[in-house]
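J.: Just one file: my_file-v4.pdb, with PDB, C-alpha atoms, pLDDT in the B column.
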ATOM      1  CA  ALA A   1      62.830  73.117 -70.440  1.00 56.00           C
ATOM      2  CA  ALA A   2      65.070  76.150 -70.626  1.00 71.00           C
ATOM      3  CA  ALA A   3      65.921  75.772 -66.904  1.00 78.00           C
ATOM      4  CA  ARG A   4      66.774  72.059 -67.317  1.00 77.00           C
ATOM      5  CA  ASN A   5      70.211  70.961 -66.093  1.00 81.00           C
ATOM      6  CA  PRO A   6      71.906  68.860 -68.833  1.00 77.00           C
ATOM      7  CA  ASP A   7      74.135  67.159 -66.225  1.00 82.00           C
ATOM      8  CA  GLU A   8      71.166  65.938 -64.155  1.00 83.00           C
ATOM      9  CA  PHE A   9      71.145  62.133 -63.840  1.00 79.00           C
ATOM     10  CA  TYR A  10      68.965  59.603 -62.042  1.00 82.00           C
ATOM     11  CA  TYR A  11      69.455  55.844 -62.163  1.00 82.00           C
ATOM     12  CA  ALA A  12      65.834  55.396 -63.240  1.00 76.00           C
ATOM     13  CA  MET A  13      66.797  57.150 -66.484  1.00 75.00           C
ATOM     14  CA  GLN A  14      68.853  54.129 -67.553  1.00 76.00           C
ATOM     15  CA  GLY A  15      65.757  52.036 -68.239  1.00 75.00           C
ATOM     16  CA  GLN A  16      63.890  54.772 -70.103  1.00 79.00           C
ATOM     17  CA  ARG A  17      64.048  55.886 -73.730  1.00 80.00           C
ATOM     18  CA  THR A  18      63.391  59.084 -75.605  1.00 81.00           C
ATOM     19  CA  GLN A  19      62.650  59.647 -79.263  1.00 83.00           C
ATOM     20  CA  GLY A  20      63.254  63.118 -80.570  1.00 86.00           C
ATOM     21  CA  GLY A  21      63.502  64.433 -77.011  1.00 81.00           C
ATOM     22  CA  VAL A  22      60.108  62.976 -76.038  1.00 84.00           C
ATOM     23  CA  HIS A  23      59.873  60.311 -73.306  1.00 81.00           C
ATOM     24  CA  VAL A  24      58.641  56.930 -74.678  1.00 79.00           C
ATOM     25  CA  SER A  25      57.593  54.185 -72.258  1.00 72.00           C
ATOM     26  CA  ARG A  26      57.626  50.463 -73.022  1.00 66.00           C
ATOM     27  CA  ALA A  27      54.548  49.094 -74.721  1.00 61.00           C
ATOM     28  CA  SER A  28      53.905  46.511 -71.999  1.00 56.00           C
ATOM     29  CA  GLU A  29      55.667  44.454 -69.374  1.00 57.00           C
ATOM     30  CA  ALA A  30      54.458  41.251 -71.081  1.00 59.00           C
ATOM     31  CA  ASN A  31      57.141  41.710 -73.741  1.00 68.00           C
ATOM     32  CA  LYS A  32      59.809  41.951 -71.073  1.00 77.00           C
ATOM     33  CA  TYR A  33      60.750  38.236 -71.385  1.00 80.00           C
ATOM     34  CA  SER A  34      61.228  36.124 -74.483  1.00 84.00           C
ATOM     35  CA  GLN A  35      59.239  32.905 -75.010  1.00 87.00           C
ATOM     36  CA  GLU A  36      62.285  30.819 -74.145  1.00 89.00           C
ATOM     37  CA  GLU A  37      62.786  32.708 -70.874  1.00 87.00           C
ATOM     38  CA  LEU A  38      59.106  32.226 -69.984  1.00 87.00           C
ATOM     39  CA  ARG A  39      59.340  28.485 -70.722  1.00 90.00           C
ATOM     40  CA  LEU A  40      62.433  28.224 -68.528  1.00 90.00           C
ATOM     41  CA  MET A  41      60.706  30.030 -65.633  1.00 90.00           C
ATOM     42  CA  LYS A  42      57.675  27.713 -65.870  1.00 90.00           C
ATOM     43  CA  THR A  43      59.872  24.604 -65.699  1.00 91.00           C
ATOM     44  CA  GLN A  44      61.742  26.083 -62.729  1.00 92.00           C
ATOM     45  CA  ASP A  45      58.413  26.731 -60.974  1.00 92.00           C
ATOM     46  CA  THR A  46      57.315  23.153 -61.660  1.00 91.00           C
ATOM     47  CA  LYS A  47      60.590  21.721 -60.384  1.00 93.00           C
ATOM     48  CA  TYR A  48      60.344  23.855 -57.244  1.00 93.00           C
ATOM     49  CA  LEU A  49      56.814  22.595 -56.562  1.00 91.00           C
ATOM     50  CA  GLN A  50      57.944  19.002 -57.084  1.00 92.00           C
ATOM     51  CA  MET A  51      60.882  19.539 -54.719  1.00 94.00           C
ATOM     52  CA  ARG A  52      58.617  21.043 -52.025  1.00 93.00           C
ATOM     53  CA  ALA A  53      56.161  18.156 -52.413  1.00 93.00           C
ATOM     54  CA  THR A  54      59.000  15.658 -51.968  1.00 93.00           C
ATOM     55  CA  VAL A  55      60.340  17.478 -48.893  1.00 94.00           C
ATOM     56  CA  ASP A  56      56.896  17.613 -47.259  1.00 92.00           C
ATOM     57  CA  ARG A  57      56.143  13.983 -48.112  1.00 92.00           C
ATOM     58  CA  ARG A  58      59.460  12.815 -46.615  1.00 94.00           C
ATOM     59  CA  LYS A  59      58.997  14.880 -43.449  1.00 92.00           C
ATOM     60  CA  GLY A  60      55.482  13.492 -43.101  1.00 90.00           C
ATOM     61  CA  GLU A  61      56.767   9.934 -43.519  1.00 90.00           C
ATOM     62  CA  ARG A  62      59.496  10.595 -40.933  1.00 90.00           C
ATOM     63  CA  LEU A  63      56.885  11.898 -38.499  1.00 87.00           C
ATOM     64  CA  ARG A  64      54.664   8.892 -39.160  1.00 86.00           C
ATOM     65  CA  ALA A  65      57.580   6.557 -38.419  1.00 85.00           C
ATOM     66  CA  SER A  66      58.406   8.372 -35.191  1.00 83.00           C
ATOM     67  CA  LEU A  67      54.822   8.324 -33.906  1.00 80.00           C
ATOM     68  CA  HIS A  68      54.357   4.791 -32.664  1.00 64.00           C
ATOM     69  CA  ASP A  69      50.563   4.376 -32.800  1.00 56.00           C
ATOM     70  CA  THR A  70      49.768   5.990 -36.139  1.00 45.00           C
ATOM     71  CA  GLY A  71      46.977   3.637 -37.083  1.00 48.00           C
ATOM     72  CA  GLY A  72      44.727   4.656 -34.204  1.00 53.00           C
ATOM     73  CA  ASP A  73      44.056   2.142 -31.451  1.00 57.00           C
ATOM     74  CA  ALA A  74      45.931  -1.034 -32.260  1.00 60.00           C
ATOM     75  CA  PRO A  75      45.253  -4.132 -30.154  1.00 65.00           C
ATOM     76  CA  ASN A  76      47.701  -4.990 -27.387  1.00 66.00           C
ATOM     77  CA  THR A  77      49.876  -7.849 -28.589  1.00 74.00           C
ATOM     78  CA  HIS A  78      52.309  -8.216 -25.711  1.00 78.00           C
ATOM     79  CA  THR A  79      53.108 -11.948 -25.636  1.00 84.00           C
ATOM     80  CA  ILE A  80      54.239 -13.633 -22.427  1.00 84.00           C
ATOM     81  CA  PHE A  81      55.611 -17.158 -22.685  1.00 89.00           C
ATOM     82  CA  VAL A  82      55.008 -19.649 -19.864  1.00 86.00           C
ATOM     83  CA  ASP A  83      55.998 -23.292 -19.487  1.00 89.00           C
ATOM     84  CA  ARG A  84      52.812 -24.870 -18.108  1.00 89.00           C
ATOM     85  CA  ALA A  85      49.075 -24.466 -18.589  1.00 89.00           C
ATOM     86  CA  ARG A  86      48.672 -23.981 -14.843  1.00 90.00           C
ATOM     87  CA  GLU A  87      50.921 -20.882 -15.050  1.00 89.00           C
ATOM     88  CA  VAL A  88      48.599 -19.483 -17.705  1.00 88.00           C
ATOM     89  CA  GLU A  89      45.645 -19.830 -15.341  1.00 89.00           C
ATOM     90  CA  ARG A  90      47.518 -18.149 -12.479  1.00 90.00           C
ATOM     91  CA  PHE A  91      49.073 -15.404 -14.628  1.00 88.00           C
ATOM     92  CA  ARG A  92      48.335 -11.865 -13.466  1.00 88.00           C
ATOM     93  CA  ALA A  93      49.591  -9.054 -15.681  1.00 84.00           C
ATOM     94  CA  SER A  94      49.782  -6.579 -12.801  1.00 85.00           C
ATOM     95  CA  GLU A  95      52.197  -8.864 -10.914  1.00 87.00           C
ATOM     96  CA  HIS A  96      54.257  -9.692 -13.992  1.00 86.00           C
ATOM     97  CA  PHE A  97      54.731  -6.047 -14.990  1.00 85.00           C
ATOM     98  CA  ASP A  98      54.927  -4.865 -11.351  1.00 87.00           C
ATOM     99  CA  THR A  99      52.304  -2.190 -11.951  1.00 86.00           C
ATOM    100  CA  PRO A 100      49.011  -1.242 -10.287  1.00 86.00           C
ATOM    101  CA  GLU A 101      45.896  -2.930 -11.683  1.00 85.00           C
ATOM    102  CA  GLY A 102      44.581   0.341 -13.120  1.00 81.00           C
ATOM    103  CA  MET A 103      47.679   0.876 -15.280  1.00 80.00           C
ATOM    104  CA  VAL A 104      47.871  -2.583 -16.863  1.00 80.00           C
ATOM    105  CA  GLY A 105      45.830  -1.506 -19.896  1.00 77.00           C
ATOM    106  CA  ARG A 106      48.128   1.417 -20.747  1.00 74.00           C
ATOM    107  CA  LYS A 107      50.270   1.095 -23.858  1.00 71.00           C
ATOM    108  CA  SER A 108      52.782   3.683 -22.759  1.00 69.00           C
ATOM    109  CA  ASN A 109      53.880   5.320 -19.529  1.00 72.00           C
ATOM    110  CA  ARG A 110      53.021   2.235 -17.477  1.00 78.00           C
ATOM    111  CA  LEU A 111      54.551   3.021 -14.087  1.00 82.00           C
ATOM    112  CA  ARG A 112      55.869   0.404 -11.688  1.00 84.00           C
ATOM    113  CA  ARG A 113      54.512   0.093  -8.157  1.00 83.00           C
ATOM    114  CA  ALA A 114      57.677   1.559  -6.659  1.00 85.00           C
ATOM    115  CA  GLN A 115      57.300   4.663  -8.822  1.00 84.00           C
ATOM    116  CA  VAL A 116      53.668   5.115  -7.803  1.00 82.00           C
ATOM    117  CA  GLU A 117      54.422   4.584  -4.117  1.00 82.00           C
ATOM    118  CA  GLY A 118      57.534   6.785  -4.275  1.00 78.00           C
ATOM    119  CA  GLY A 119      55.399   9.728  -5.350  1.00 71.00           C
ATOM    120  CA  GLN A 120      56.689  10.019  -8.922  1.00 63.00           C
ATOM    121  CA  ALA A 121      53.173   9.705 -10.335  1.00 55.00           C
ATOM    122  CA  SER A 122      51.592  12.239  -7.993  1.00 48.00           C
ATOM    123  CA  GLY A 123      52.214  15.917  -7.425  1.00 44.00           C
ATOM    124  CA  SER A 124      51.932  18.908  -9.693  1.00 40.00           C
ATOM    125  CA  ALA A 125      54.524  17.775 -12.263  1.00 45.00           C
ATOM    126  CA  GLY A 126      53.050  14.274 -12.499  1.00 45.00           C
ATOM    127  CA  ALA A 127      49.525  15.609 -12.918  1.00 46.00           C
ATOM    128  CA  LYS A 128      50.486  17.972 -15.726  1.00 50.00           C
ATOM    129  CA  LEU A 129      52.750  15.572 -17.577  1.00 57.00           C
ATOM    130  CA  PRO A 130      50.087  13.432 -19.288  1.00 75.00           C
ATOM    131  CA  LYS A 131      48.208  16.530 -20.548  1.00 81.00           C
ATOM    132  CA  ALA A 132      51.429  18.061 -21.872  1.00 83.00           C
ATOM    133  CA  LEU A 133      52.377  14.810 -23.559  1.00 81.00           C
ATOM    134  CA  GLU A 134      48.910  14.498 -25.048  1.00 82.00           C
ATOM    135  CA  ARG A 135      49.153  18.049 -26.412  1.00 87.00           C
ATOM    136  CA  LYS A 136      52.549  17.345 -27.993  1.00 87.00           C
ATOM    137  CA  ARG A 137      51.322  14.077 -29.481  1.00 84.00           C
ATOM    138  CA  LYS A 138      48.253  15.759 -30.922  1.00 88.00           C
ATOM    139  CA  ALA A 139      50.374  18.573 -32.395  1.00 91.00           C
ATOM    140  CA  ALA A 140      52.738  16.041 -33.982  1.00 89.00           C
ATOM    141  CA  TYR A 141      49.821  14.164 -35.579  1.00 89.00           C
ATOM    142  CA  GLN A 142      48.365  17.434 -36.890  1.00 92.00           C
ATOM    143  CA  GLU A 143      51.723  18.415 -38.382  1.00 92.00           C
ATOM    144  CA  MET A 144      52.019  14.999 -40.016  1.00 90.00           C
ATOM    145  CA  ASP A 145      48.518  15.274 -41.506  1.00 91.00           C
ATOM    146  CA  LEU A 146      49.145  18.825 -42.760  1.00 92.00           C
ATOM    147  CA  ARG A 147      52.468  17.880 -44.371  1.00 91.00           C
ATOM    148  CA  MET A 148      50.988  14.860 -46.126  1.00 91.00           C
ATOM    149  CA  GLU A 149      48.001  16.915 -47.325  1.00 92.00           C
ATOM    150  CA  ARG A 150      50.282  19.713 -48.555  1.00 92.00           C
ATOM    151  CA  ALA A 151      52.528  17.222 -50.366  1.00 91.00           C
ATOM    152  CA  GLY A 152      49.465  15.804 -52.115  1.00 90.00           C
ATOM    153  CA  ARG A 153      48.267  19.248 -53.200  1.00 90.00           C
ATOM    154  CA  LEU A 154      51.719  20.249 -54.446  1.00 87.00           C
ATOM    155  CA  SER A 155      52.068  16.992 -56.377  1.00 87.00           C
ATOM    156  CA  ALA A 156      48.703  17.593 -58.029  1.00 88.00           C
ATOM    157  CA  THR A 157      49.694  21.165 -58.918  1.00 82.00           C
ATOM    158  CA  ALA A 158      53.091  20.224 -60.347  1.00 71.00           C
TER
END
Represent the structure from my file as structure tokens, please.

T.:
Amino acid sequence: AAARNPDEFYYAMQGQRTQGGVHVSRASEANKYSQEELRLMKTQDTKYLQMRATVDRRKGERLRASLHDTGGDAPNTHTIFVDRAREVERFRASEHFDTPEGMVGRKSNRLRRAQVEGGQASGSAGAKLPKALERKRKAAYQEMDLRMERAGRLSATA
């Protein structure tokens, strides 16, 4: 103590106290905030959780709206109007849509005959495209499910 420099200063000293030259620490960190400050922080936490739940729910709803077949496999309801009953009997979907017979049942990416014959459906890019699209679609559905689940958990917490 005799070798102590009286001009020595550290910023950490500002938060400390001494009584009679003896260092005294705070009793506990729990007394750091008043009851009103604690109540305010709890309401802010609750409001933040509610806001996050709303954001996730809205993003999930936006994803659901952008993904066209969200309900699983929906029946094909493409309606074609004809004038006579005989036209109904002679109707061939592959001719009407100008697509190969094997692609008539597709809901999306139904190529026309000219595209298939022109080579747009074959080749390395055409072969990889459906797998890449399937991967993206699956990832979008997973993100939608995760966001909706997270929004539900946050709503329950808040």

J.: Find the residues near range 89-102 of chain A: any atom within 10 Å, counting all atoms listed in the file, skip ones fewer than 3 places away on the same chain, and give them as a list in words.

T.: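 Listing them by chain and then by number gives Ile80, Val82, Arg84, Ala85, Arg86, Gly105, Arg106, Arg110, Leu111, Arg112, Arg113, Ala114, Gln115 and Val116 of chain A.
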
J.: Specify as a count of residues only each residue included when the PyMOL selection byres ((chain A and resi 158) around 8) is applied to this file.

T.: 8

J.: Under the rule that all atoms listed in the file are counted, which of A:Leu67, A:Glu36, A:His23, A:Ala151 is the nearest residue to Lys136 in chain A?

T.: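 Nearest to Lys136 in chain A: A:Leu67.
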
J.: Apply the PyMOL selection byres ((chain A and resi 57) around 12) to the structure shown and report the selected residues as a list in words.

T.: Gln50, Met51, Arg52, Ala53, Thr54, Val55, Asp56, Arg58, Lys59, Gly60, Glu61, Arg62, Leu63, Arg64, Glu143, Met144, Asp145, Leu146, Arg147, Met148, Glu149, Arg150, Ala151, Gly152, Arg153, Leu154 and Ser155 of chain A

J.: Could you dump the residues just selected with C-alpha atoms as an mmCIF file, keeping the file's coordinate frame?

T.:
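The new file again_34.cif reads:
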data_model
loop_
_atom_site.group_PDB
_atom_site.id
_atom_site.type_symbol
_atom_site.label_atom_id
_atom_site.label_comp_id
_atom_site.auth_asym_id
_atom_site.auth_seq_id
_atom_site.Cartn_x
_atom_site.Cartn_y
_atom_site.Cartn_z
ATOM 1 C CA GLN A 50 57.944 19.002 -57.084
ATOM 2 C CA MET A 51 60.882 19.539 -54.719
ATOM 3 C CA ARG A 52 58.617 21.043 -52.025
ATOM 4 C CA ALA A 53 56.161 18.156 -52.413
ATOM 5 C CA THR A 54 59.000 15.658 -51.968
ATOM 6 C CA VAL A 55 60.340 17.478 -48.893
ATOM 7 C CA ASP A 56 56.896 17.613 -47.259
ATOM 8 C CA ARG A 58 59.460 12.815 -46.615
ATOM 9 C CA LYS A 59 58.997 14.880 -43.449
ATOM 10 C CA GLY A 60 55.482 13.492 -43.101
ATOM 11 C CA GLU A 61 56.767 9.934 -43.519
ATOM 12 C CA ARG A 62 59.496 10.595 -40.933
ATOM 13 C CA LEU A 63 56.885 11.898 -38.499
ATOM 14 C CA ARG A 64 54.664 8.892 -39.160
ATOM 15 C CA GLU A 143 51.723 18.415 -38.382
ATOM 16 C CA MET A 144 52.019 14.999 -40.016
ATOM 17 C CA ASP A 145 48.518 15.274 -41.506
ATOM 18 C CA LEU A 146 49.145 18.825 -42.760
ATOM 19 C CA ARG A 147 52.468 17.880 -44.371
ATOM 20 C CA MET A 148 50.988 14.860 -46.126
ATOM 21 C CA GLU A 149 48.001 16.915 -47.325
ATOM 22 C CA ARG A 150 50.282 19.713 -48.555
ATOM 23 C CA ALA A 151 52.528 17.222 -50.366
ATOM 24 C CA GLY A 152 49.465 15.804 -52.115
ATOM 25 C CA ARG A 153 48.267 19.248 -53.200
ATOM 26 C CA LEU A 154 51.719 20.249 -54.446
ATOM 27 C CA SER A 155 52.068 16.992 -56.377
#

J.: Would you compute the distance between CA of Gln14 in chain A and CA of Ser34 in chain A? Give it in Å to one decimal.

T.: 20.7 Å

J.: Do you have the CA of Tyr10 in chain A-CA of Lys32 in chain A distance handy?

T.: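 So the answer is 21.8 Å.
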
J.: Can you measure CA of Gln35 in chain A to CA of Arg17 in chain A for me? One decimal in Å is fine.

T.: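 Here the two named atoms are 23.5 Å from each other.
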
J.: Return as JSON the box centre and box size in Å, one decimal, for an axis-aligned box around all listed atoms of range 88-103 of chain A padded by 3 Å per side.

T.:
{"center_x": 49.8, "center_y": -9.5, "center_z": -14.0, "size_x": 16.3, "size_y": 26.7, "size_z": 13.4}

J.: Go through A:Asn109, A:His78, A:Gly118, A:Val24 and flag the residue nearest Leu133 in chain A, using only C-alpha atoms for the distances.

T.: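 Counting only C-alpha atoms, the residue closest to Leu133 in chain A is A:Asn109.
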
J.: Please list as number ranges by chain every residue within 10 Å of Ser25 in chain A, counting only C-alpha atoms and excluding residues in the same chain fewer than 6 positions away.

T.: A: 15-18
